[in-house]
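Shown below: query04.tsv, with TSV, C-alpha atoms.
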chain	number	residue	atom	x	y	z
S	1	MET	CA	82.06	79.12	113.11
S	2	ASN	CA	84.95	76.72	112.50
S	3	ILE	CA	83.37	74.06	110.28
S	4	TYR	CA	86.02	71.47	111.20
S	5	VAL	CA	85.37	71.87	114.93
S	6	GLU	CA	81.61	71.56	114.35
S	7	LEU	CA	82.00	68.50	112.14
S	8	ASN	CA	84.09	66.83	114.83
S	9	LYS	CA	81.22	67.41	117.27
S	10	ILE	CA	78.94	65.66	114.79
S	11	ILE	CA	81.39	62.75	114.53
S	12	ASP	CA	81.38	62.44	118.33
S	13	TYR	CA	77.57	62.46	118.33
S	14	ILE	CA	77.49	59.74	115.66
S	15	GLU	CA	79.96	57.65	117.64
S	16	GLU	CA	77.76	57.84	120.73
S	17	ASN	CA	74.67	56.86	118.72
S	18	LEU	CA	75.84	54.11	116.37
S	19	GLU	CA	73.41	51.77	118.13
S	20	ASN	CA	70.51	54.22	117.71
S	21	LYS	CA	68.65	55.68	114.77
S	22	ILE	CA	70.54	58.77	113.56
S	23	ASP	CA	68.49	61.66	112.24
S	24	TYR	CA	70.36	63.51	109.48
S	25	GLY	CA	68.16	66.54	110.10
S	26	LYS	CA	69.46	66.75	113.66
S	27	LEU	CA	73.04	66.54	112.39
S	28	ALA	CA	72.31	69.36	109.95
S	29	ASN	CA	70.86	71.51	112.74
S	30	MET	CA	74.10	71.13	114.67
S	31	ILE	CA	75.86	73.29	112.07
S	32	GLY	CA	72.82	75.42	111.20
S	33	VAL	CA	72.11	74.25	107.66
S	34	ASN	CA	69.42	72.17	105.96
S	35	GLU	CA	69.81	68.43	105.53
S	36	TYR	CA	70.70	68.58	101.83
S	37	THR	CA	73.41	71.18	102.42
S	38	PHE	CA	74.81	69.23	105.35
S	39	GLN	CA	75.15	66.04	103.32
S	40	LYS	CA	76.83	68.00	100.55
S	41	ILE	CA	79.29	69.64	102.96
S	42	PHE	CA	80.11	66.35	104.65
S	43	SER	CA	80.76	64.53	101.36
S	44	LEU	CA	82.93	67.33	99.98
S	45	ILE	CA	85.12	67.61	103.07
S	46	ALA	CA	85.25	63.95	104.11
S	47	GLY	CA	85.34	62.40	100.65
S	48	ILE	CA	82.61	59.97	101.72
S	49	SER	CA	78.85	60.29	102.16
S	50	ILE	CA	77.41	60.53	105.67
S	51	SER	CA	75.37	57.35	105.13
S	52	GLU	CA	78.40	55.39	103.98
S	53	TYR	CA	80.49	56.68	106.89
S	54	ILE	CA	77.87	55.60	109.45
S	55	ARG	CA	77.44	52.23	107.74
S	56	ASN	CA	81.22	51.63	107.74
S	57	ARG	CA	81.54	52.49	111.44
S	58	ARG	CA	78.65	50.16	112.29
S	59	MET	CA	80.10	47.34	110.21
S	60	SER	CA	83.51	47.87	111.81
S	61	ASN	CA	82.08	47.68	115.34
S	62	SER	CA	79.81	44.76	114.53
S	63	GLY	CA	82.76	42.63	113.47
S	64	GLN	CA	84.37	43.19	116.86
S	65	ASP	CA	81.06	42.55	118.63
S	66	ILE	CA	80.60	39.18	116.93
S	67	LEU	CA	84.12	38.10	117.80
S	68	LEU	CA	84.05	39.32	121.39
S	69	SER	CA	80.56	38.15	122.40
S	70	ASN	CA	78.24	35.18	122.18
S	71	CYS	CA	75.38	37.29	120.83
S	72	LYS	CA	73.33	35.98	117.92
S	73	VAL	CA	73.88	37.63	114.55
S	74	ILE	CA	70.28	38.86	114.49
S	75	ASP	CA	70.77	40.58	117.85
S	76	ILE	CA	73.85	42.41	116.57
S	77	ALA	CA	72.00	43.27	113.36
S	78	LEU	CA	69.17	44.87	115.37
S	79	LYS	CA	71.71	46.61	117.62
S	80	TYR	CA	73.12	48.43	114.59
S	81	GLN	CA	69.74	49.36	113.13
S	82	TYR	CA	69.30	46.54	110.61
S	83	ASN	CA	65.77	45.17	110.47
S	84	ASN	CA	66.75	41.61	109.52
S	85	ALA	CA	69.74	39.30	109.48
S	86	THR	CA	69.74	39.01	105.67
S	87	SER	CA	70.36	42.70	104.95
S	88	PHE	CA	72.89	42.86	107.78
S	89	SER	CA	74.73	39.78	106.52
S	90	ARG	CA	74.86	41.21	103.00
S	91	ALA	CA	76.30	44.53	104.23
S	92	PHE	CA	78.71	42.74	106.58
S	93	GLU	CA	80.11	40.48	103.87
S	94	LYS	CA	80.50	43.40	101.48
S	95	PHE	CA	82.51	45.30	104.10
S	96	HIS	CA	84.57	42.51	105.71
S	97	GLY	CA	84.67	40.00	102.86
S	98	ILE	CA	83.38	37.28	105.20
S	99	LYS	CA	79.92	36.20	106.36
S	100	PRO	CA	79.10	37.11	109.98
S	101	SER	CA	78.39	33.42	110.67
S	102	GLU	CA	82.02	32.58	109.78
S	103	VAL	CA	83.77	35.15	111.98
S	104	ARG	CA	84.05	33.05	115.14
S	105	LYS	CA	85.23	30.02	113.17
S	106	ARG	CA	87.92	31.78	111.17
S	107	GLN	CA	88.78	34.86	113.28
S	108	ASN	CA	90.29	36.58	110.26
S	109	ASN	CA	89.60	38.90	107.34
S	110	LEU	CA	88.11	41.55	109.61
S	111	LYS	CA	88.46	45.23	108.81
S	112	LEU	CA	88.45	48.21	111.10
S	113	TYR	CA	87.14	51.53	109.80
S	114	SER	CA	88.44	54.18	112.15
S	115	LYS	CA	86.55	57.12	113.56
S	116	LEU	CA	86.93	60.16	111.33
S	117	HIS	CA	88.66	63.30	112.58
S	118	PHE	CA	88.42	66.54	110.64
S	119	ASN	CA	91.19	69.05	110.21
S	120	GLU	CA	91.92	71.48	107.45
S	121	ILE	CA	93.46	68.71	105.36
S	122	CYS	CA	90.97	65.91	105.74
S	123	ASP	CA	91.16	62.48	104.20
S	124	SER	CA	88.42	59.94	104.75
S	125	SER	CA	89.07	57.06	107.12
S	126	LYS	CA	90.92	54.06	105.75
S	127	ASN	CA	90.18	50.39	106.21
S	128	ILE	CA	92.75	48.52	108.27
S	129	ASN	CA	92.79	44.80	107.51
S	130	TYR	CA	93.52	42.59	110.48
S	131	ASP	CA	93.17	39.02	111.72
S	132	ILE	CA	92.71	37.62	115.21
S	133	VAL	CA	95.10	34.73	115.83
S	134	GLU	CA	95.86	32.51	118.80
S	135	ILE	CA	99.51	31.64	119.34
S	136	ASP	CA	100.80	29.05	121.80
S	137	SER	CA	103.44	30.03	124.34
S	138	MET	CA	106.88	30.70	122.83
S	139	THR	CA	110.34	30.42	124.35
S	140	LEU	CA	112.64	32.92	122.67
S	141	TYR	CA	116.18	34.19	123.20
S	142	GLY	CA	117.46	37.68	122.66
S	143	ASN	CA	118.66	40.99	123.98
S	144	TYR	CA	117.28	44.49	124.29
S	145	VAL	CA	118.03	48.17	124.26
S	146	ILE	CA	116.36	50.63	126.64
S	147	THR	CA	114.56	53.30	124.63
S	148	THR	CA	111.73	55.84	124.66
S	149	ASN	CA	108.83	56.88	122.45
S	150	GLU	CA	110.99	59.59	120.91
S	151	LYS	CA	114.04	57.37	120.31
S	152	VAL	CA	112.57	53.97	119.38
S	153	GLY	CA	112.27	54.90	115.69
S	154	ARG	CA	116.05	55.28	115.58
S	155	ASP	CA	117.08	52.77	118.24
S	156	ALA	CA	115.12	49.82	116.83
S	157	PRO	CA	116.70	49.64	113.34
S	158	ASN	CA	120.17	50.36	114.76
S	159	PHE	CA	119.83	47.56	117.32
S	160	TYR	CA	118.45	45.23	114.65
S	161	LYS	CA	121.56	45.80	112.52
S	162	LYS	CA	123.88	45.35	115.51
S	163	MET	CA	122.29	42.04	116.55
S	164	SER	CA	122.14	40.78	112.96
S	165	LYS	CA	125.89	41.22	112.57
S	166	ILE	CA	126.55	39.19	115.72
S	167	TYR	CA	123.86	36.49	115.61
S	168	GLY	CA	122.45	36.54	112.08
S	169	GLU	CA	119.03	37.66	110.84
S	170	PRO	CA	116.48	37.57	113.70
S	171	LYS	CA	112.99	36.11	113.49
S	172	TYR	CA	111.35	38.52	115.92
S	173	GLY	CA	111.42	42.07	117.18
S	174	MET	CA	109.55	43.12	120.29
S	175	VAL	CA	108.48	46.43	121.80
S	176	GLU	CA	107.99	46.42	125.56
S	177	TYR	CA	105.82	49.01	127.35
S	178	TYR	CA	105.61	50.14	130.97
S	179	ALA	CA	101.89	49.27	131.15
S	180	LYS	CA	99.13	47.72	129.04
S	181	ASP	CA	97.83	51.16	128.04
S	182	ARG	CA	100.80	51.06	125.62
S	183	ILE	CA	101.63	54.73	126.10
S	184	ARG	CA	105.26	54.67	127.27
S	185	VAL	CA	107.82	52.54	125.43
S	186	LYS	CA	110.28	50.78	127.74
S	187	SER	CA	112.58	48.72	125.49
S	188	TYR	CA	113.09	47.15	122.09
S	189	TRP	CA	114.15	43.49	121.78
S	190	ILE	CA	115.66	41.36	119.05
S	191	LEU	CA	114.72	37.69	119.47
S	192	TYR	CA	115.63	34.28	118.05
S	193	ASP	CA	113.89	30.93	118.41
S	194	GLU	CA	117.13	29.14	119.32
S	195	ASN	CA	119.55	29.77	122.15
S	196	LYS	CA	122.83	31.45	121.32
S	197	LYS	CA	125.65	32.47	123.62
S	198	GLY	CA	125.01	35.71	125.46
S	199	LEU	CA	121.25	35.84	124.84
S	200	ILE	CA	118.51	36.21	127.46
S	201	LYS	CA	115.74	33.59	127.65
S	202	ILE	CA	112.19	34.92	127.76
S	203	LYS	CA	108.80	33.21	127.56
S	204	ILE	CA	105.80	34.70	125.77
S	205	PRO	CA	102.60	33.16	127.18
S	206	LYS	CA	99.83	31.76	125.02
S	207	SER	CA	97.57	34.58	123.90
S	208	ARG	CA	95.26	35.97	121.27
S	209	TRP	CA	96.73	38.65	119.06
S	210	ILE	CA	95.60	41.23	116.55
S	211	LEU	CA	97.67	40.52	113.44
S	212	ILE	CA	98.31	43.27	110.91
S	213	ARG	CA	100.41	42.10	107.98
S	214	ILE	CA	103.04	44.46	106.56
S	215	LEU	CA	104.31	43.54	103.09
S	216	SER	CA	107.83	44.62	103.96
S	217	GLN	CA	110.59	44.25	106.53
S	218	GLU	CA	111.85	47.80	106.14
S	219	ALA	CA	111.98	49.79	109.39
S	220	LYS	CA	110.14	52.76	107.87
S	221	ASP	CA	107.23	50.55	106.75
S	222	ILE	CA	106.98	48.86	110.15
S	223	GLN	CA	107.05	52.24	111.91
S	224	GLU	CA	104.38	53.57	109.55
S	225	ALA	CA	102.14	50.57	110.32
S	226	SER	CA	102.69	51.06	114.04
S	227	THR	CA	101.80	54.75	113.76
S	228	THR	CA	98.65	53.89	111.79
S	229	PHE	CA	97.67	51.37	114.45
S	230	TYR	CA	98.03	53.81	117.34
S	231	ASN	CA	96.55	56.81	115.53
S	232	ASN	CA	93.69	55.13	113.65
S	233	PHE	CA	93.04	51.62	114.91
S	234	LEU	CA	93.47	51.97	118.66
S	235	PRO	CA	90.98	54.86	119.21
S	236	SER	CA	88.29	52.99	117.26
S	237	CYS	CA	88.65	49.42	118.49
S	238	LYS	CA	86.82	47.63	121.29
S	239	TYR	CA	89.42	45.03	122.21
S	240	ASN	CA	91.03	44.96	125.66
S	241	PHE	CA	94.80	44.72	125.49
S	242	ARG	CA	96.95	42.36	127.56
S	243	ASP	CA	99.94	43.55	129.52
S	244	LEU	CA	102.34	41.91	127.07
S	245	PRO	CA	104.78	43.36	124.54
S	246	GLU	CA	103.88	43.75	120.87
S	247	ILE	CA	105.81	41.49	118.53
S	248	GLU	CA	107.14	41.82	114.99
S	249	TYR	CA	107.49	38.44	113.26
S	250	TYR	CA	109.80	38.58	110.23
S	251	HIS	CA	109.26	35.91	107.57
S	252	ASP	CA	108.97	35.48	103.79
S	253	ASP	CA	109.91	39.14	103.19
S	254	ILE	CA	106.94	40.34	105.25
S	255	THR	CA	106.34	41.39	108.85
S	256	ASP	CA	103.43	40.29	111.00
S	257	PHE	CA	102.69	43.05	113.52
S	258	LEU	CA	101.14	41.37	116.58
S	259	ILE	CA	99.32	43.17	119.42
S	260	PRO	CA	98.13	41.06	122.40
S	261	ILE	CA	94.46	41.12	123.41
S	262	GLU	CA	92.47	39.57	126.22
S	263	ASP	CA	90.16	36.61	125.54
Produce structure tokens that represent the structure in this file.
Amino acid sequence: MNIYVELNKIIDYIEENLENKIDYGKLANMIGVNEYTFQKIFSLIAGISISEYIRNRRMSNSGQDILLSNCKVIDIALKYQYNNATSFSRAFEKFHGIKPSEVRKRQNNLKLYSKLHFNEICDSSKNINYDIVEIDSMTLYGNYVITTNEKVGRDAPNFYKKMSKIYGEPKYGMVEYYAKDRIRVKSYWILYDENKKGLIKIKIPKSRWILIRILSQEAKDIQEASTTFYNNFLPSCKYNFRDLPEIEYYHDDITDFLIPIED
């Protein structure tokens, strides 16, 4: 038996049953051990207890549910196996740092705890802090380079440097995809908020965006954040994405990584 393969089956089972009561004994039976041994194995390999993992995944999903629906907090609490709104609210605030009643008003400070995947070098899932922001339509001016998934990591910083020498430091970068599934990269843009000779005018429509803040403007840090988003955030989130590019907003020595979502 490959323990990592079997644990991934357990993770899939948990994911399918986050809205149901999860019997630890059943999870233990899936790898042929008793409940105590299972919990010990899980904690040793994952670096987190099974109860904490399940709680984190439920809290992560509940934040998205509150933001995306008009359901009452108590209904979402019951959905994720909390008997009352008080205990749910306490757990929610501890995880997200915000009361569930404030989520729709502020649309920020949410965290996503990604689904765990086991391999022979396993680290527990990490929290990804993000906000949901609404940005009015923007008229920007820039130029682009055609690129691919394999080449964008090299093409983007090179094009940034080229454009900076000609037009000065840009305010925005933009990655364009062939479709909203965001699988195939089409082009990388450098954009300014004022018209300059030789630039192309484009309009970004009003939209809601996932905002992940990167405390750097270095290409390697932006690429690392993008990789984390697509490897960890995307498989675990419930948002529907719009067929718009993703935007990098450079300001105050930081980068806001913006991914468009549907209302």
Within 10 Å of range 147-163 of chain S: each range 176-217 of chain S residue with its shortest pair, all atoms listed in the file, as JSON lines:
{"residue": "S:Glu176", "atom": "CA", "partner": "S:Thr147", "partner_atom": "CA", "distance": 9.6}
{"residue": "S:Tyr177", "atom": "CA", "partner": "S:Thr148", "partner_atom": "CA", "distance": 9.4}
{"residue": "S:Ile183", "atom": "CA", "partner": "S:Asn149", "partner_atom": "CA", "distance": 8.4}
{"residue": "S:Arg184", "atom": "CA", "partner": "S:Asn149", "partner_atom": "CA", "distance": 6.4}
{"residue": "S:Val185", "atom": "CA", "partner": "S:Thr148", "partner_atom": "CA", "distance": 5.2}
{"residue": "S:Lys186", "atom": "CA", "partner": "S:Thr147", "partner_atom": "CA", "distance": 5.9}
{"residue": "S:Ser187", "atom": "CA", "partner": "S:Thr147", "partner_atom": "CA", "distance": 5.1}
{"residue": "S:Tyr188", "atom": "CA", "partner": "S:Ala156", "partner_atom": "CA", "distance": 6.2}
{"residue": "S:Trp189", "atom": "CA", "partner": "S:Ala156", "partner_atom": "CA", "distance": 8.1}
{"residue": "S:Ile190", "atom": "CA", "partner": "S:Tyr160", "partner_atom": "CA", "distance": 6.5}
{"residue": "S:Leu191", "atom": "CA", "partner": "S:Met163", "partner_atom": "CA", "distance": 9.2}
Expected file: the selected residues, C-alpha atoms, as an mmCIF file, in the frame of the given file:
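Printed below is out.cif as written:
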data_model
loop_
_atom_site.group_PDB
_atom_site.id
_atom_site.type_symbol
_atom_site.label_atom_id
_atom_site.label_comp_id
_atom_site.auth_asym_id
_atom_site.auth_seq_id
_atom_site.Cartn_x
_atom_site.Cartn_y
_atom_site.Cartn_z
ATOM 1 C CA GLU S 176 107.990 46.420 125.560
ATOM 2 C CA TYR S 177 105.820 49.010 127.350
ATOM 3 C CA ILE S 183 101.630 54.730 126.100
ATOM 4 C CA ARG S 184 105.260 54.670 127.270
ATOM 5 C CA VAL S 185 107.820 52.540 125.430
ATOM 6 C CA LYS S 186 110.280 50.780 127.740
ATOM 7 C CA SER S 187 112.580 48.720 125.490
ATOM 8 C CA TYR S 188 113.090 47.150 122.090
ATOM 9 C CA TRP S 189 114.150 43.490 121.780
ATOM 10 C CA ILE S 190 115.660 41.360 119.050
ATOM 11 C CA LEU S 191 114.720 37.690 119.470
#
Shell of 12 Å around range 228-233 of chain S, all atoms listed in the file, local chain residues under 4 positions omitted, as a ChimeraX atom specification = /S:60-61,111-117,124-130,181-183,210-214,221-224,237-239,246,257-259
Expected file contents, prior selection, C-alpha atoms, as a compact mmCIF listing (two decimals), in the coordinates of the input:
# COMPACT_ATOMS: atom_id res chain seq x y z
CA SER S 60 83.51 47.87 111.81
CA ASN S 61 82.08 47.68 115.34
CA LYS S 111 88.46 45.23 108.81
CA LEU S 112 88.45 48.21 111.10
CA TYR S 113 87.14 51.53 109.80
CA SER S 114 88.44 54.18 112.15
CA LYS S 115 86.55 57.12 113.56
CA LEU S 116 86.93 60.16 111.33
CA HIS S 117 88.66 63.30 112.58
CA SER S 124 88.42 59.94 104.75
CA SER S 125 89.07 57.06 107.12
CA LYS S 126 90.92 54.06 105.75
CA ASN S 127 90.18 50.39 106.21
CA ILE S 128 92.75 48.52 108.27
CA ASN S 129 92.79 44.80 107.51
CA TYR S 130 93.52 42.59 110.48
CA ASP S 181 97.83 51.16 128.04
CA ARG S 182 100.80 51.06 125.62
CA ILE S 183 101.63 54.73 126.10
CA ILE S 210 95.60 41.23 116.55
CA LEU S 211 97.67 40.52 113.44
CA ILE S 212 98.31 43.27 110.91
CA ARG S 213 100.41 42.10 107.98
CA ILE S 214 103.04 44.46 106.56
CA ASP S 221 107.23 50.55 106.75
CA ILE S 222 106.98 48.86 110.15
CA GLN S 223 107.05 52.24 111.91
CA GLU S 224 104.38 53.57 109.55
CA CYS S 237 88.65 49.42 118.49
CA LYS S 238 86.82 47.63 121.29
CA TYR S 239 89.42 45.03 122.21
CA GLU S 246 103.88 43.75 120.87
CA PHE S 257 102.69 43.05 113.52
CA LEU S 258 101.14 41.37 116.58
CA ILE S 259 99.32 43.17 119.42
inquiry  = So that I can check the surroundings of Lys9 in chain S, please list as a ChimeraX atom specification every protein, DNA and RNA residue that reaches within 12 Å of it, counting all atoms listed in the file and ignoring chain neighbours fewer than 2 positions away.
reply    = /S:2-7,11-16,27-28,30-31,116-118
message = Could you list, as an NGL selection string, every residue within 8 Å of Asp243 in chain S, counting all atoms listed in the file and ignoring same-chain residues fewer than 2 positions away?
response = :S and (179-180 or 241 or 245 or 260)
query = In Å to one decimal, how far is CA of Glu262 in chain S from CA of Tyr250 in chain S?
reply =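 Distance between the two atoms: 23.6 Å.
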query = So which residues fall inside 9 Å of (107.0, 39.3, 113.2) if we count only C-alpha atoms? Mind giving them as a VMD selection string?
reply = chain S and resid 171 to 174 213 247 to 251 254 to 258
request  = With all atoms listed in the file counted, which protein, DNA or RNA residues have an atom no more than 7 Å from (119.4, 37.3, 119.2) in the file frame? Please answer as an MDAnalysis selection string.
outcome  = chainID S and resid 141:143 163 167 170 190:192 199
Give me a file of those residues, with C-alpha atoms, as an mmCIF file, in the frame of the given file.
data_model
loop_
_atom_site.group_PDB
_atom_site.id
_atom_site.type_symbol
_atom_site.label_atom_id
_atom_site.label_comp_id
_atom_site.auth_asym_id
_atom_site.auth_seq_id
_atom_site.Cartn_x
_atom_site.Cartn_y
_atom_site.Cartn_z
ATOM 1 C CA TYR S 141 116.180 34.190 123.200
ATOM 2 C CA GLY S 142 117.460 37.680 122.660
ATOM 3 C CA ASN S 143 118.660 40.990 123.980
ATOM 4 C CA MET S 163 122.290 42.040 116.550
ATOM 5 C CA TYR S 167 123.860 36.490 115.610
ATOM 6 C CA PRO S 170 116.480 37.570 113.700
ATOM 7 C CA ILE S 190 115.660 41.360 119.050
ATOM 8 C CA LEU S 191 114.720 37.690 119.470
ATOM 9 C CA TYR S 192 115.630 34.280 118.050
ATOM 10 C CA LEU S 199 121.250 35.840 124.840
#
key: Which residue of S:Lys72, S:Lys79, S:Lys197, S:Arg104 approaches Glu19 in chain S most closely, using all atoms listed in the file   =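 Using all atoms listed in the file, the shortest distance to Glu19 in chain S belongs to S:Lys79.
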Interatomic distance (Å, one decimal) between CA of Asn84 in chain S and CA of Ile66 in chain S =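 These two atoms are separated by 15.9 Å.
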For CA of Tyr36 in chain S and CA of Ala77 in chain S, the interatomic separation in Å (one decimal) =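 Here the two named atoms are 27.8 Å from each other.
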query = Which of these, S:Ile41, S:Ile261, S:Ile146, S:Leu140, has the shortest distance to Leu68 in chain S once you count all atoms listed in the file?
reply =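 Closest to Leu68 in chain S of all the choices is S:Ile261.
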ask   = Can you list, as a PyMOL selection string, every protein, DNA or RNA residue that comes within 12 Å of Thr37 in chain S when you count only C-alpha atoms, leaving out same-chain residues fewer than 3 positions away?
value = chain S and resi 24-25+27-29+31-34+40-44+50
request  = May I ask which of the residues S:Asp252, S:Met138, S:Arg242, S:Tyr144 is the closest one to Ile204 in chain S, counting all atoms listed in the file?
outcome  =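 Distance minimum relative to Ile204 in chain S lands on S:Met138.
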request  = Considering only C-alpha atoms, state which residue in the set S:Ser51, S:Asn119, S:Asn109, S:Gln81 is at the smallest distance from Leu18 in chain S.
outcome  = S:Gln81
key: Among listed residues S:Lys220, S:Arg55, S:Lys201, S:Arg208, nearest Ile132 in chain S (using all atoms listed in the file)   =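 Of S:Lys220, S:Arg55, S:Lys201, S:Arg208, the one nearest Ile132 in chain S is S:Arg208, counting all atoms listed in the file.
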